[in-house]
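Please read the structure below before turning to the comments.
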Amino acid sequence: MAAAESGPVKTLGRVGLVAYGVVHLLVAYLAVRVALGGGGKADKTGALQTIAEQPAGRFFLWVLTAGLVALTLWQLAEAGWGHQYRRPERRRTLQRLVSLGEAGIAGALAFSAFKVASGQPGKSKQEKTAFVDKVFDWPAGELLVAAIGLGIVAVALYLVHRGLTRRFVEDLSLAGAEPHARDAAVRLGQVGWTALGVAYGIIGLLLVYAAVSYDPEKATGMDTALKTLAGQPYGTVLLLIVAAGLACFGAYCLFDARYRRA
């Protein structure tokens, strides 16, 4: 616990929050490209690959990986011993579970960043489809996929609730912030958390649809979700709105890195 709660780890954790924000800004950019008819993968792997293609991109990915590992440790410490200021006990327990989820997300992204930085290819859509197809062959495989999809929808609803009710403000220490910075953090968080919830909600619904229709191609993540949205009536406009929301979330993460309650 002492190592995870140390000043250097918290500092690197804030670097991880910045990196997390940059990744979502790039996902938003890739989503705009999809909406306007461009190619590429509009997901976190696509964002990491975009970074790798830039000058000094590999170096930045290693820094990003270190920051995300530290962020994972930080959030694990928060899940175990943090949020002492929250009352009542039920809310503290809930927020510790949220921190555990955030640690899982940060850890998964750190692993993906490590793979891209070391030159290992990410999973293709065909490989993901093949894996889901194998899950369908398990006993009650469709029910498992549907249950995972419903679980993601539940998380998505929580994210939307977190945004609309401004619950995320409890994680920030804004007392010493300039009024314009405080307002920007709150507004970006409201839009960003809500948009992130919408994006994950689409992923969850596609998983449920994949289970019902026995179509594993619909269960392959953010890229499929955003491209499915683009294919709907008024899909271009809807995807541009979601992309703007994801960009807001990416910008919010930069404020989160600056003002996160220690």
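The chains in the structure tokens are called A, B, ... from first to last as shown; in each chain the residues are counted from 1, and the ligands are counted from 1 in the order shown.
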*asked:* Need the shell around Arg58 (chain A): protein/DNA/RNA residues with any atom at most 10 Å away, counting only C-alpha atoms. Skip same-chain ones fewer than 2 positions apart. Format as a PyMOL selection string?
replied: chain A and resi 48-49+51-56+60-64+113-114+116-119
_Spatial neighbours of Ala257 (chain A), max dist 8 Å, only C-alpha atoms, sep filter under 2 positions, as a ChimeraX atom specification_ = /A:14-15,17-18,253-255,259-260
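Nearest residue to Tyr234 (chain A), choosing from A:Ala154, A:Glu178, A:Gly21, A:Ala35 and counting only C-alpha atoms: A:Ala35.
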_Sel. of alpha helix (DSSP H) residues, region 5-52 of chain A, as a ChimeraX atom specification_ = /A:7-35,44-52
As a PDB file with N, CA, C and O atoms, in the first residue's frame, please: the residues near region 217-231 of chain A (cut-off 10 Å, only C-alpha atoms, same-chain neighbours under 4 positions excluded).
```
ATOM      1  N   VAL A  27      -9.489   8.840 -29.946  1.00  0.00           N
ATOM      2  CA  VAL A  27     -10.663   8.043 -30.314  1.00  0.00           C
ATOM      3  C   VAL A  27     -11.739   8.955 -30.906  1.00  0.00           C
ATOM      4  O   VAL A  27     -12.386   8.611 -31.908  1.00  0.00           O
ATOM      5  N   LEU A  30     -10.713   9.794 -34.401  1.00  0.00           N
ATOM      6  CA  LEU A  30     -10.946   8.659 -35.299  1.00  0.00           C
ATOM      7  C   LEU A  30     -12.438   8.462 -35.566  1.00  0.00           C
ATOM      8  O   LEU A  30     -12.832   8.075 -36.676  1.00  0.00           O
ATOM      9  N   ALA A  31     -13.273   8.738 -34.556  1.00  0.00           N
ATOM     10  CA  ALA A  31     -14.721   8.642 -34.759  1.00  0.00           C
ATOM     11  C   ALA A  31     -15.199   9.677 -35.766  1.00  0.00           C
ATOM     12  O   ALA A  31     -16.092   9.396 -36.593  1.00  0.00           O
ATOM     13  N   VAL A  32     -14.623  10.868 -35.715  1.00  0.00           N
ATOM     14  CA  VAL A  32     -14.970  11.896 -36.708  1.00  0.00           C
ATOM     15  C   VAL A  32     -14.577  11.426 -38.100  1.00  0.00           C
ATOM     16  O   VAL A  32     -15.340  11.604 -39.069  1.00  0.00           O
ATOM     17  N   VAL A  34     -14.418   8.359 -39.155  1.00  0.00           N
ATOM     18  CA  VAL A  34     -15.412   7.348 -39.560  1.00  0.00           C
ATOM     19  C   VAL A  34     -16.700   8.028 -40.001  1.00  0.00           C
ATOM     20  O   VAL A  34     -17.303   7.656 -41.016  1.00  0.00           O
ATOM     21  N   ALA A  35     -17.139   9.019 -39.233  1.00  0.00           N
ATOM     22  CA  ALA A  35     -18.386   9.717 -39.562  1.00  0.00           C
ATOM     23  C   ALA A  35     -18.311  10.389 -40.922  1.00  0.00           C
ATOM     24  O   ALA A  35     -19.310  10.465 -41.651  1.00  0.00           O
ATOM     25  N   LEU A  36     -17.130  10.871 -41.272  1.00  0.00           N
ATOM     26  CA  LEU A  36     -16.959  11.591 -42.543  1.00  0.00           C
ATOM     27  C   LEU A  36     -16.506  10.677 -43.677  1.00  0.00           C
ATOM     28  O   LEU A  36     -16.118  11.154 -44.743  1.00  0.00           O
ATOM     29  N   GLY A  37     -16.542   9.366 -43.434  1.00  0.00           N
ATOM     30  CA  GLY A  37     -16.254   8.410 -44.499  1.00  0.00           C
ATOM     31  C   GLY A  37     -14.819   7.952 -44.574  1.00  0.00           C
ATOM     32  O   GLY A  37     -14.429   7.271 -45.531  1.00  0.00           O
ATOM     33  N   GLY A  40      -9.803   3.490 -40.786  1.00  0.00           N
ATOM     34  CA  GLY A  40      -9.160   3.399 -39.477  1.00  0.00           C
ATOM     35  C   GLY A  40     -10.058   2.780 -38.433  1.00  0.00           C
ATOM     36  O   GLY A  40     -11.262   2.605 -38.637  1.00  0.00           O
ATOM     37  N   LYS A  41      -9.444   2.446 -37.294  1.00  0.00           N
ATOM     38  CA  LYS A  41     -10.172   1.836 -36.172  1.00  0.00           C
ATOM     39  C   LYS A  41     -10.491   2.909 -35.153  1.00  0.00           C
ATOM     40  O   LYS A  41      -9.581   3.542 -34.601  1.00  0.00           O
ATOM     41  N   ALA A  42     -11.764   3.115 -34.890  1.00  0.00           N
ATOM     42  CA  ALA A  42     -12.190   4.139 -33.934  1.00  0.00           C
ATOM     43  C   ALA A  42     -12.323   3.519 -32.547  1.00  0.00           C
ATOM     44  O   ALA A  42     -13.422   3.414 -31.993  1.00  0.00           O
ATOM     45  N   ASP A  43     -11.190   3.083 -31.992  1.00  0.00           N
ATOM     46  CA  ASP A  43     -11.193   2.545 -30.642  1.00  0.00           C
ATOM     47  C   ASP A  43      -9.847   2.847 -29.998  1.00  0.00           C
ATOM     48  O   ASP A  43      -8.994   3.521 -30.579  1.00  0.00           O
ATOM     49  N   LYS A  44      -9.629   2.340 -28.780  1.00  0.00           N
ATOM     50  CA  LYS A  44      -8.403   2.673 -28.056  1.00  0.00           C
ATOM     51  C   LYS A  44      -7.171   2.085 -28.731  1.00  0.00           C
ATOM     52  O   LYS A  44      -6.106   2.707 -28.751  1.00  0.00           O
ATOM     53  N   THR A  45      -7.301   0.884 -29.303  1.00  0.00           N
ATOM     54  CA  THR A  45      -6.172   0.297 -30.016  1.00  0.00           C
ATOM     55  C   THR A  45      -5.802   1.145 -31.219  1.00  0.00           C
ATOM     56  O   THR A  45      -4.619   1.391 -31.490  1.00  0.00           O
ATOM     57  N   GLY A  46      -6.814   1.610 -31.943  1.00  0.00           N
ATOM     58  CA  GLY A  46      -6.563   2.498 -33.075  1.00  0.00           C
ATOM     59  C   GLY A  46      -5.878   3.788 -32.638  1.00  0.00           C
ATOM     60  O   GLY A  46      -4.986   4.300 -33.324  1.00  0.00           O
ATOM     61  N   SER A 124      -7.006  -8.487 -34.238  1.00  0.00           N
ATOM     62  CA  SER A 124      -7.816  -8.028 -35.365  1.00  0.00           C
ATOM     63  C   SER A 124      -9.288  -8.291 -35.082  1.00  0.00           C
ATOM     64  O   SER A 124      -9.645  -9.049 -34.166  1.00  0.00           O
ATOM     65  N   LYS A 125     -10.146  -7.672 -35.888  1.00  0.00           N
ATOM     66  CA  LYS A 125     -11.579  -7.909 -35.737  1.00  0.00           C
ATOM     67  C   LYS A 125     -11.907  -9.380 -35.978  1.00  0.00           C
ATOM     68  O   LYS A 125     -12.767  -9.951 -35.310  1.00  0.00           O
ATOM     69  N   GLN A 126     -11.177 -10.011 -36.927  1.00  0.00           N
ATOM     70  CA  GLN A 126     -11.426 -11.417 -37.224  1.00  0.00           C
ATOM     71  C   GLN A 126     -11.096 -12.303 -36.004  1.00  0.00           C
ATOM     72  O   GLN A 126     -11.822 -13.254 -35.692  1.00  0.00           O
ATOM     73  N   GLU A 127      -9.999 -11.967 -35.298  1.00  0.00           N
ATOM     74  CA  GLU A 127      -9.627 -12.745 -34.116  1.00  0.00           C
ATOM     75  C   GLU A 127     -10.654 -12.568 -33.007  1.00  0.00           C
ATOM     76  O   GLU A 127     -11.005 -13.524 -32.307  1.00  0.00           O
ATOM     77  N   LYS A 128     -11.141 -11.327 -32.833  1.00  0.00           N
ATOM     78  CA  LYS A 128     -12.160 -11.087 -31.817  1.00  0.00           C
ATOM     79  C   LYS A 128     -13.447 -11.834 -32.151  1.00  0.00           C
ATOM     80  O   LYS A 128     -14.087 -12.420 -31.280  1.00  0.00           O
ATOM     81  N   THR A 129     -13.812 -11.813 -33.445  1.00  0.00           N
ATOM     82  CA  THR A 129     -15.016 -12.524 -33.870  1.00  0.00           C
ATOM     83  C   THR A 129     -14.879 -14.023 -33.631  1.00  0.00           C
ATOM     84  O   THR A 129     -15.811 -14.685 -33.164  1.00  0.00           O
ATOM     85  N   ALA A 130     -13.678 -14.556 -33.930  1.00  0.00           N
ATOM     86  CA  ALA A 130     -13.444 -15.985 -33.730  1.00  0.00           C
ATOM     87  C   ALA A 130     -13.549 -16.351 -32.254  1.00  0.00           C
ATOM     88  O   ALA A 130     -14.096 -17.407 -31.899  1.00  0.00           O
ATOM     89  N   PHE A 131     -13.049 -15.465 -31.367  1.00  0.00           N
ATOM     90  CA  PHE A 131     -13.129 -15.740 -29.929  1.00  0.00           C
ATOM     91  C   PHE A 131     -14.590 -15.767 -29.464  1.00  0.00           C
ATOM     92  O   PHE A 131     -15.003 -16.670 -28.726  1.00  0.00           O
ATOM     93  N   VAL A 132     -15.369 -14.769 -29.900  1.00  0.00           N
ATOM     94  CA  VAL A 132     -16.775 -14.727 -29.508  1.00  0.00           C
ATOM     95  C   VAL A 132     -17.511 -15.942 -30.059  1.00  0.00           C
ATOM     96  O   VAL A 132     -18.377 -16.519 -29.386  1.00  0.00           O
ATOM     97  N   ASP A 133     -17.140 -16.355 -31.264  1.00  0.00           N
ATOM     98  CA  ASP A 133     -17.766 -17.533 -31.865  1.00  0.00           C
ATOM     99  C   ASP A 133     -17.493 -18.774 -31.007  1.00  0.00           C
ATOM    100  O   ASP A 133     -18.375 -19.633 -30.818  1.00  0.00           O
ATOM    101  N   VAL A 145     -22.803 -14.277 -23.131  1.00  0.00           N
ATOM    102  CA  VAL A 145     -22.551 -13.056 -23.907  1.00  0.00           C
ATOM    103  C   VAL A 145     -23.631 -12.017 -23.620  1.00  0.00           C
ATOM    104  O   VAL A 145     -23.338 -10.828 -23.438  1.00  0.00           O
ATOM    105  N   GLY A 149     -23.220  -8.354 -21.952  1.00  0.00           N
ATOM    106  CA  GLY A 149     -23.770  -7.165 -22.601  1.00  0.00           C
ATOM    107  C   GLY A 149     -24.659  -6.362 -21.669  1.00  0.00           C
ATOM    108  O   GLY A 149     -24.562  -5.131 -21.596  1.00  0.00           O
ATOM    109  N   ALA A 199     -21.528   5.589 -25.450  1.00  0.00           N
ATOM    110  CA  ALA A 199     -20.665   4.734 -26.271  1.00  0.00           C
ATOM    111  C   ALA A 199     -20.617   3.310 -25.717  1.00  0.00           C
ATOM    112  O   ALA A 199     -20.755   2.325 -26.460  1.00  0.00           O
ATOM    113  N   TYR A 200     -20.440   3.173 -24.405  1.00  0.00           N
ATOM    114  CA  TYR A 200     -20.406   1.839 -23.811  1.00  0.00           C
ATOM    115  C   TYR A 200     -21.786   1.182 -23.856  1.00  0.00           C
ATOM    116  O   TYR A 200     -21.889  -0.055 -23.967  1.00  0.00           O
ATOM    117  N   GLY A 201     -22.833   1.990 -23.773  1.00  0.00           N
ATOM    118  CA  GLY A 201     -24.176   1.437 -23.890  1.00  0.00           C
ATOM    119  C   GLY A 201     -24.404   0.781 -25.242  1.00  0.00           C
ATOM    120  O   GLY A 201     -25.023  -0.298 -25.332  1.00  0.00           O
ATOM    121  N   ILE A 202     -23.884   1.404 -26.298  1.00  0.00           N
ATOM    122  CA  ILE A 202     -24.007   0.824 -27.635  1.00  0.00           C
ATOM    123  C   ILE A 202     -23.259  -0.506 -27.707  1.00  0.00           C
ATOM    124  O   ILE A 202     -23.745  -1.489 -28.270  1.00  0.00           O
ATOM    125  N   ILE A 203     -22.058  -0.543 -27.097  1.00  0.00           N
ATOM    126  CA  ILE A 203     -21.290  -1.798 -27.075  1.00  0.00           C
ATOM    127  C   ILE A 203     -22.088  -2.892 -26.367  1.00  0.00           C
ATOM    128  O   ILE A 203     -22.183  -4.029 -26.857  1.00  0.00           O
ATOM    129  N   GLY A 204     -22.664  -2.562 -25.220  1.00  0.00           N
ATOM    130  CA  GLY A 204     -23.443  -3.546 -24.473  1.00  0.00           C
ATOM    131  C   GLY A 204     -24.647  -4.040 -25.251  1.00  0.00           C
ATOM    132  O   GLY A 204     -24.933  -5.252 -25.287  1.00  0.00           O
ATOM    133  N   LEU A 205     -25.362  -3.120 -25.882  1.00  0.00           N
ATOM    134  CA  LEU A 205     -26.536  -3.514 -26.661  1.00  0.00           C
ATOM    135  C   LEU A 205     -26.153  -4.393 -27.848  1.00  0.00           C
ATOM    136  O   LEU A 205     -26.885  -5.332 -28.197  1.00  0.00           O
ATOM    137  N   LEU A 206     -25.001  -4.090 -28.464  1.00  0.00           N
ATOM    138  CA  LEU A 206     -24.545  -4.924 -29.578  1.00  0.00           C
ATOM    139  C   LEU A 206     -24.179  -6.331 -29.097  1.00  0.00           C
ATOM    140  O   LEU A 206     -24.394  -7.316 -29.825  1.00  0.00           O
ATOM    141  N   LEU A 207     -23.630  -6.436 -27.896  1.00  0.00           N
ATOM    142  CA  LEU A 207     -23.354  -7.761 -27.342  1.00  0.00           C
ATOM    143  C   LEU A 207     -24.652  -8.548 -27.136  1.00  0.00           C
ATOM    144  O   LEU A 207     -24.723  -9.743 -27.450  1.00  0.00           O
ATOM    145  N   VAL A 208     -25.665  -7.873 -26.608  1.00  0.00           N
ATOM    146  CA  VAL A 208     -26.956  -8.530 -26.424  1.00  0.00           C
ATOM    147  C   VAL A 208     -27.532  -8.945 -27.778  1.00  0.00           C
ATOM    148  O   VAL A 208     -28.032 -10.067 -27.944  1.00  0.00           O
ATOM    149  N   TYR A 209     -27.435  -8.041 -28.759  1.00  0.00           N
ATOM    150  CA  TYR A 209     -27.928  -8.363 -30.104  1.00  0.00           C
ATOM    151  C   TYR A 209     -27.153  -9.540 -30.697  1.00  0.00           C
ATOM    152  O   TYR A 209     -27.739 -10.423 -31.347  1.00  0.00           O
ATOM    153  N   ALA A 210     -25.825  -9.555 -30.476  1.00  0.00           N
ATOM    154  CA  ALA A 210     -25.016 -10.657 -30.993  1.00  0.00           C
ATOM    155  C   ALA A 210     -25.462 -11.986 -30.401  1.00  0.00           C
ATOM    156  O   ALA A 210     -25.503 -13.009 -31.089  1.00  0.00           O
ATOM    157  N   ALA A 211     -25.806 -11.964 -29.104  1.00  0.00           N
ATOM    158  CA  ALA A 211     -26.259 -13.194 -28.453  1.00  0.00           C
ATOM    159  C   ALA A 211     -27.606 -13.643 -28.995  1.00  0.00           C
ATOM    160  O   ALA A 211     -27.822 -14.838 -29.246  1.00  0.00           O
ATOM    161  N   SER A 213     -29.026 -12.845 -31.921  1.00  0.00           N
ATOM    162  CA  SER A 213     -29.004 -13.156 -33.362  1.00  0.00           C
ATOM    163  C   SER A 213     -27.911 -14.139 -33.746  1.00  0.00           C
ATOM    164  O   SER A 213     -27.794 -14.509 -34.915  1.00  0.00           O
ATOM    165  N   GLY A 235     -26.977   8.764 -38.904  1.00  0.00           N
ATOM    166  CA  GLY A 235     -25.838   8.217 -38.181  1.00  0.00           C
ATOM    167  C   GLY A 235     -24.635   9.138 -38.164  1.00  0.00           C
ATOM    168  O   GLY A 235     -23.922   9.210 -37.163  1.00  0.00           O
ATOM    169  N   THR A 236     -24.401   9.851 -39.274  1.00  0.00           N
ATOM    170  CA  THR A 236     -23.253  10.758 -39.323  1.00  0.00           C
ATOM    171  C   THR A 236     -23.362  11.825 -38.247  1.00  0.00           C
ATOM    172  O   THR A 236     -22.406  12.095 -37.502  1.00  0.00           O
ATOM    173  N   VAL A 237     -24.551  12.419 -38.145  1.00  0.00           N
ATOM    174  CA  VAL A 237     -24.760  13.465 -37.133  1.00  0.00           C
ATOM    175  C   VAL A 237     -24.638  12.884 -35.731  1.00  0.00           C
ATOM    176  O   VAL A 237     -23.979  13.460 -34.850  1.00  0.00           O
ATOM    177  N   LEU A 238     -25.252  11.711 -35.520  1.00  0.00           N
ATOM    178  CA  LEU A 238     -25.196  11.085 -34.200  1.00  0.00           C
ATOM    179  C   LEU A 238     -23.764  10.746 -33.812  1.00  0.00           C
ATOM    180  O   LEU A 238     -23.347  10.966 -32.660  1.00  0.00           O
ATOM    181  N   LEU A 239     -22.993  10.219 -34.761  1.00  0.00           N
ATOM    182  CA  LEU A 239     -21.612   9.847 -34.455  1.00  0.00           C
ATOM    183  C   LEU A 239     -20.761  11.082 -34.188  1.00  0.00           C
ATOM    184  O   LEU A 239     -19.895  11.062 -33.302  1.00  0.00           O
ATOM    185  N   LEU A 240     -21.013  12.151 -34.908  1.00  0.00           N
ATOM    186  CA  LEU A 240     -20.273  13.396 -34.653  1.00  0.00           C
ATOM    187  C   LEU A 240     -20.590  13.932 -33.250  1.00  0.00           C
ATOM    188  O   LEU A 240     -19.712  14.461 -32.564  1.00  0.00           O
ATOM    189  N   VAL A 242     -21.492  12.041 -30.631  1.00  0.00           N
ATOM    190  CA  VAL A 242     -20.793  11.154 -29.696  1.00  0.00           C
ATOM    191  C   VAL A 242     -19.294  11.461 -29.696  1.00  0.00           C
ATOM    192  O   VAL A 242     -18.647  11.488 -28.638  1.00  0.00           O
ATOM    193  N   ALA A 243     -18.720  11.714 -30.886  1.00  0.00           N
ATOM    194  CA  ALA A 243     -17.297  12.041 -30.974  1.00  0.00           C
ATOM    195  C   ALA A 243     -16.983  13.317 -30.199  1.00  0.00           C
ATOM    196  O   ALA A 243     -15.970  13.398 -29.490  1.00  0.00           O
TER     197      ALA A 243
END
```
